Amino acid sequence: MPTLTEREQLSLLIEIGGLAVRVNTTDPGFLRLLQDRYAGYVGGPDRALSAAEVEFDIELVQPGLGDPDADVCLTYREGRWSLERGDFVAEWEPAKRRGWIRQSNNPYSIDAVLRIVHTLLLAQRGGLLLHSASAVRNGRAFLFAGVSGAGKTTISRLAPADTTLLTDEISYVRKSDNDYIAFGTPFTGEMAKLGENISAPVAALYLLAQGSENRIDPVSPGDAVRSLLANVLFFAEDQDLVQAVFHSAFEFVSRVPVQRLTFVPDSRVWELIK
Amino acid sequence: MSKLYVARNPRAAARSLDGEMMIMSARDSTLFTLNKTATILWQSADGNTPLDEIVTQRICPEFDIEPGVALKDAEDLARELASHEIMQVSDAPIAASASSPTTQRNPPTGNAQ
């Protein structure tokens with residue numbers, strides 16, 4: 001794909017979890033769409049566009065490229081990642097920090113690309129993208145993991161006023177020196193509400209289960225690792241990155257309490273989460 | 001009957017936690033949690049020790065099991081693990097191996113969003 005010229009290029013820095021991705025387009029309408037979609041995550045005037053981990057040129061094509069519900073195909077060959085789903089095609093050359101995306105004028109395709117790119121960026125840094133809601137309370141982050149229907153959205157909606165929602169769907173976790181930090185994300189679930197762009201040390205990961213009472217139960221280390229891995233978003237069939245994610249899960253479990261949170265759908269469950 | 005040799009695939013990610021051995025296939029991200037027998041097999045799979053020797057000298061002494069049955073089980077297990085590329089099976093010694101085996105699987109990777 002030809003690169004965009006400086007003259008016609010419109011750029012935006014989308015910064016999630018402290019990692020910035022620059023996107024270039026020639027379409028002012030698409031730029032505005034991205035500014036709205038990622039409000040709160042768009043780099044401010046003090047952030048240099050050169051701070052990006054990756055830079056994508058976006059080529060907009062007519063709708064009808066393909067099925068957005070198709071599986072993602074992610075391959076790495078000759079120093080280049082290829083990302084493909086029914087509704088987009090993209091490439092990314094990490095050594096050059098450059099790539100391109102071909103998609104129609106919609107926010108969903110680039111959102112999928114960003115999720116995939118961040119899983120790769122995080123895997124290299126000991127971090128994880130998790131199928132979990134997360135929220136900050138009293139300066140500490142709590143993660144709530146589970147498959148669709150487990151209660152991520154429900155517990156997010158029940159959060160009291162002194163709680164800040166980071167996400168109701170995809171949690172962003174990075175390793176710090178001795179602990180893990182959860183960041184807000186614009187990746188939304190049923191609530192369709194962007195998380196706050198803040199971060200806090202992770203205090204606990206709760207595995208959600210709905211029941212007839214509110215209680216927290218211990219989880220064996222093995223079950224904790226299995227449950228964590230079952231909720232990790234990762235797409236690449238790459239030996240080194242799979243190993244990195246695998247070992248990151250063990251590292252996470254060794255540093256963060258993982259417990260089962262059974263709850264009834266009312267706000268009293270938050271009395272257990274402080 | 002020819003000897004069978006088994007070796008851990010160094011490409012597989014393996015880790016022991018609280019007495020449980022877990023292995024992940026780098027090819028398809030399948031997660032295996034090994035039972036006690038499979039853990040012994042994984043730890044013994046050096047590529048040079050024949051499978052029947054592993055069974056008679058390391059597995060049978062630990063469990064009350066008939067050697068023929070144990071060997072058949074071990075061979076089935078080794079071949080299943082090999083199908084996920086976390087173990088290598090050969091009728092000749094296998095050079096330069098590294099570590100793996102079993103029963104429970106989880107799909108650890110996410111789907112497209």
# chains A, B, ... in the order shown; residues from 1 in each chain; ligands from 1
$ select_by_dssp --residues "range 3-232 of chain A" --states "alpha helix (DSSP H)" --output "PyMOL selection string"
chain A and resi 28-37+107-123+152-157+221-230
$ residues_around --residues "Glu53 in chain A" --least-positions-apart "2" --cutoff "12 Å" --atoms "only C-alpha atoms" --output "count of residues only"
31
$ residues_around --residues "Ser220 in chain A" --least-positions-apart "3" --cutoff "9 Å" --atoms "only C-alpha atoms" --output "VMD selection string"
(chain A and resid 223 to 225 258 to 259) or (chain B and resid 18)
$ closest_residue --among "A:Glu237, A:Asp217, A:Glu271, A:Glu59" --to "chain B" --atoms "only C-alpha atoms"
A:Glu237
$ closest_residue --among "B:Glu20, B:Glu85, B:Glu80, B:Asp73" --to "Arg8 in chain B" --atoms "only C-alpha atoms"
B:Glu85
$ interface_residues --of "chain A" --to "chain B" --cutoff "9 Å" --atoms "only C-alpha atoms" --output "PyMOL selection string"
chain A and resi 68-72+85+108+111-112+115-116+130-131+220-222+226-244+246-247+250
$ residues_around --residues "range 43-53 of chain B" --least-positions-apart "5" --cutoff "6 Å" --atoms "only C-alpha atoms" --output "ChimeraX atom specification"
/B:4-8,93-94
$ residues_around --residues "Thr185 in chain A" --least-positions-apart "2" --cutoff "7 Å" --atoms "only C-alpha atoms" --output "list of chain:residue names"
A:Ile16, A:Leu166, A:Thr167, A:Ser171, A:Tyr172, A:Phe183, A:Phe187, A:Leu194, A:Gly195, A:Asn197
$ write_last_selection --atoms "N, CA and C atoms" --output "compact mmCIF listing (two decimals), in the first residue's frame"
# COMPACT_ATOMS: atom_id res chain seq x y z
N ILE A 16 -3.19 3.99 24.69
CA ILE A 16 -3.89 3.08 25.61
C ILE A 16 -2.84 2.36 26.44
N LEU A 166 -12.68 1.15 34.76
CA LEU A 166 -11.62 1.13 33.76
C LEU A 166 -12.10 0.51 32.46
N THR A 167 -12.94 -0.49 32.58
CA THR A 167 -13.54 -1.14 31.41
C THR A 167 -14.60 -2.13 31.88
N SER A 171 -9.73 -5.79 30.07
CA SER A 171 -8.79 -5.14 30.99
C SER A 171 -7.39 -5.13 30.42
N TYR A 172 -6.71 -4.05 30.75
CA TYR A 172 -5.36 -3.82 30.21
C TYR A 172 -4.40 -3.84 31.40
N PHE A 183 -4.92 -0.46 33.54
CA PHE A 183 -5.18 0.80 32.86
C PHE A 183 -6.62 0.82 32.33
N PHE A 187 -12.00 -0.05 25.12
CA PHE A 187 -12.60 -1.27 24.58
C PHE A 187 -13.83 -1.61 25.42
N LEU A 194 -16.84 4.09 27.49
CA LEU A 194 -15.40 4.03 27.58
C LEU A 194 -14.95 4.07 29.04
N GLY A 195 -13.91 3.29 29.34
CA GLY A 195 -13.35 3.36 30.68
C GLY A 195 -12.60 4.67 30.87
N ASN A 197 -9.48 6.93 31.55
CA ASN A 197 -8.07 6.73 31.18
C ASN A 197 -7.16 7.02 32.39
$ select_by_dssp --residues "chain B" --states "strand (DSSP E or B)" --output "number ranges by chain"
B: 5-8, 13-17, 20-24, 31-34, 46-50, 87-90, 98, 104-106
$ residues_around --residues "Ala161 in chain A" --least-positions-apart "5" --cutoff "12 Å" --atoms "only C-alpha atoms" --output "MDAnalysis selection string"
chainID A and resid 135:138 156 267 270
$ atom_distance --atom1 "CA of Ser248 in chain A" --atom2 "CA of Leu165 in chain A"
24.3 Å
$ closest_residue --among "A:Trp100, A:Tyr180, A:Phe88, A:Tyr76" --to "Val61 in chain A" --atoms "only C-alpha atoms"
A:Phe88
$ atom_distance --atom1 "CA of Arg255 in chain A" --atom2 "CA of Asp179 in chain A"
6.5 Å
$ residues_around --residues "Asn214 in chain A" --least-positions-apart "4" --cutoff "12 Å" --atoms "only C-alpha atoms" --output "ChimeraX atom specification"
/A:155,208-210,260-273
$ atom_distance --atom1 "CA of Phe144 in chain A" --atom2 "CA of Ile170 in chain A"
10.0 Å
$ decode --residues "range 51-64 of chain B" --atoms "N, CA, C and O atoms" --output "PDB file, in the first residue's frame"
ATOM      1  N   LEU B  51      10.807 -45.719  26.006  1.00  0.00           N
ATOM      2  CA  LEU B  51       9.551 -45.547  26.731  1.00  0.00           C
ATOM      3  C   LEU B  51       9.281 -46.737  27.658  1.00  0.00           C
ATOM      4  O   LEU B  51       8.815 -46.554  28.791  1.00  0.00           O
ATOM      5  N   ASP B  52       9.564 -47.969  27.209  1.00  0.00           N
ATOM      6  CA  ASP B  52       9.280 -49.126  28.066  1.00  0.00           C
ATOM      7  C   ASP B  52      10.133 -49.094  29.333  1.00  0.00           C
ATOM      8  O   ASP B  52       9.705 -49.526  30.403  1.00  0.00           O
ATOM      9  N   GLU B  53      11.319 -48.529  29.218  1.00  0.00           N
ATOM     10  CA  GLU B  53      12.188 -48.406  30.390  1.00  0.00           C
ATOM     11  C   GLU B  53      11.650 -47.344  31.353  1.00  0.00           C
ATOM     12  O   GLU B  53      11.692 -47.520  32.571  1.00  0.00           O
ATOM     13  N   ILE B  54      11.142 -46.260  30.802  1.00  0.00           N
ATOM     14  CA  ILE B  54      10.523 -45.226  31.645  1.00  0.00           C
ATOM     15  C   ILE B  54       9.342 -45.823  32.414  1.00  0.00           C
ATOM     16  O   ILE B  54       9.166 -45.600  33.613  1.00  0.00           O
ATOM     17  N   VAL B  55       8.554 -46.617  31.698  1.00  0.00           N
ATOM     18  CA  VAL B  55       7.358 -47.195  32.313  1.00  0.00           C
ATOM     19  C   VAL B  55       7.747 -48.187  33.411  1.00  0.00           C
ATOM     20  O   VAL B  55       7.229 -48.117  34.542  1.00  0.00           O
ATOM     21  N   THR B  56       8.657 -49.102  33.111  1.00  0.00           N
ATOM     22  CA  THR B  56       8.974 -50.154  34.099  1.00  0.00           C
ATOM     23  C   THR B  56       9.789 -49.611  35.277  1.00  0.00           C
ATOM     24  O   THR B  56       9.631 -50.070  36.402  1.00  0.00           O
ATOM     25  N   GLN B  57      10.661 -48.657  35.016  1.00  0.00           N
ATOM     26  CA  GLN B  57      11.553 -48.204  36.083  1.00  0.00           C
ATOM     27  C   GLN B  57      11.025 -46.984  36.845  1.00  0.00           C
ATOM     28  O   GLN B  57      11.410 -46.767  37.985  1.00  0.00           O
ATOM     29  N   ARG B  58      10.172 -46.178  36.221  1.00  0.00           N
ATOM     30  CA  ARG B  58       9.763 -44.954  36.904  1.00  0.00           C
ATOM     31  C   ARG B  58       8.256 -44.834  37.143  1.00  0.00           C
ATOM     32  O   ARG B  58       7.836 -44.193  38.093  1.00  0.00           O
ATOM     33  N   ILE B  59       7.462 -45.406  36.268  1.00  0.00           N
ATOM     34  CA  ILE B  59       6.013 -45.282  36.446  1.00  0.00           C
ATOM     35  C   ILE B  59       5.447 -46.446  37.267  1.00  0.00           C
ATOM     36  O   ILE B  59       4.752 -46.226  38.267  1.00  0.00           O
ATOM     37  N   CYS B  60       5.765 -47.676  36.867  1.00  0.00           N
ATOM     38  CA  CYS B  60       5.203 -48.841  37.575  1.00  0.00           C
ATOM     39  C   CYS B  60       5.555 -48.870  39.067  1.00  0.00           C
ATOM     40  O   CYS B  60       4.688 -49.199  39.891  1.00  0.00           O
ATOM     41  N   PRO B  61       6.786 -48.522  39.460  1.00  0.00           N
ATOM     42  CA  PRO B  61       7.087 -48.525  40.903  1.00  0.00           C
ATOM     43  C   PRO B  61       6.233 -47.530  41.696  1.00  0.00           C
ATOM     44  O   PRO B  61       6.051 -47.691  42.900  1.00  0.00           O
ATOM     45  N   GLU B  62       5.721 -46.524  41.036  1.00  0.00           N
ATOM     46  CA  GLU B  62       4.926 -45.494  41.729  1.00  0.00           C
ATOM     47  C   GLU B  62       3.445 -45.861  41.816  1.00  0.00           C
ATOM     48  O   GLU B  62       2.726 -45.351  42.655  1.00  0.00           O
ATOM     49  N   PHE B  63       3.001 -46.698  40.893  1.00  0.00           N
ATOM     50  CA  PHE B  63       1.569 -46.989  40.835  1.00  0.00           C
ATOM     51  C   PHE B  63       1.350 -48.500  40.750  1.00  0.00           C
ATOM     52  O   PHE B  63       2.180 -49.226  40.213  1.00  0.00           O
ATOM     53  N   ASP B  64       0.223 -48.945  41.248  1.00  0.00           N
ATOM     54  CA  ASP B  64      -0.111 -50.362  41.183  1.00  0.00           C
ATOM     55  C   ASP B  64      -0.756 -50.644  39.829  1.00  0.00           C
ATOM     56  O   ASP B  64      -1.977 -50.623  39.683  1.00  0.00           O
TER      57      ASP B  64
END
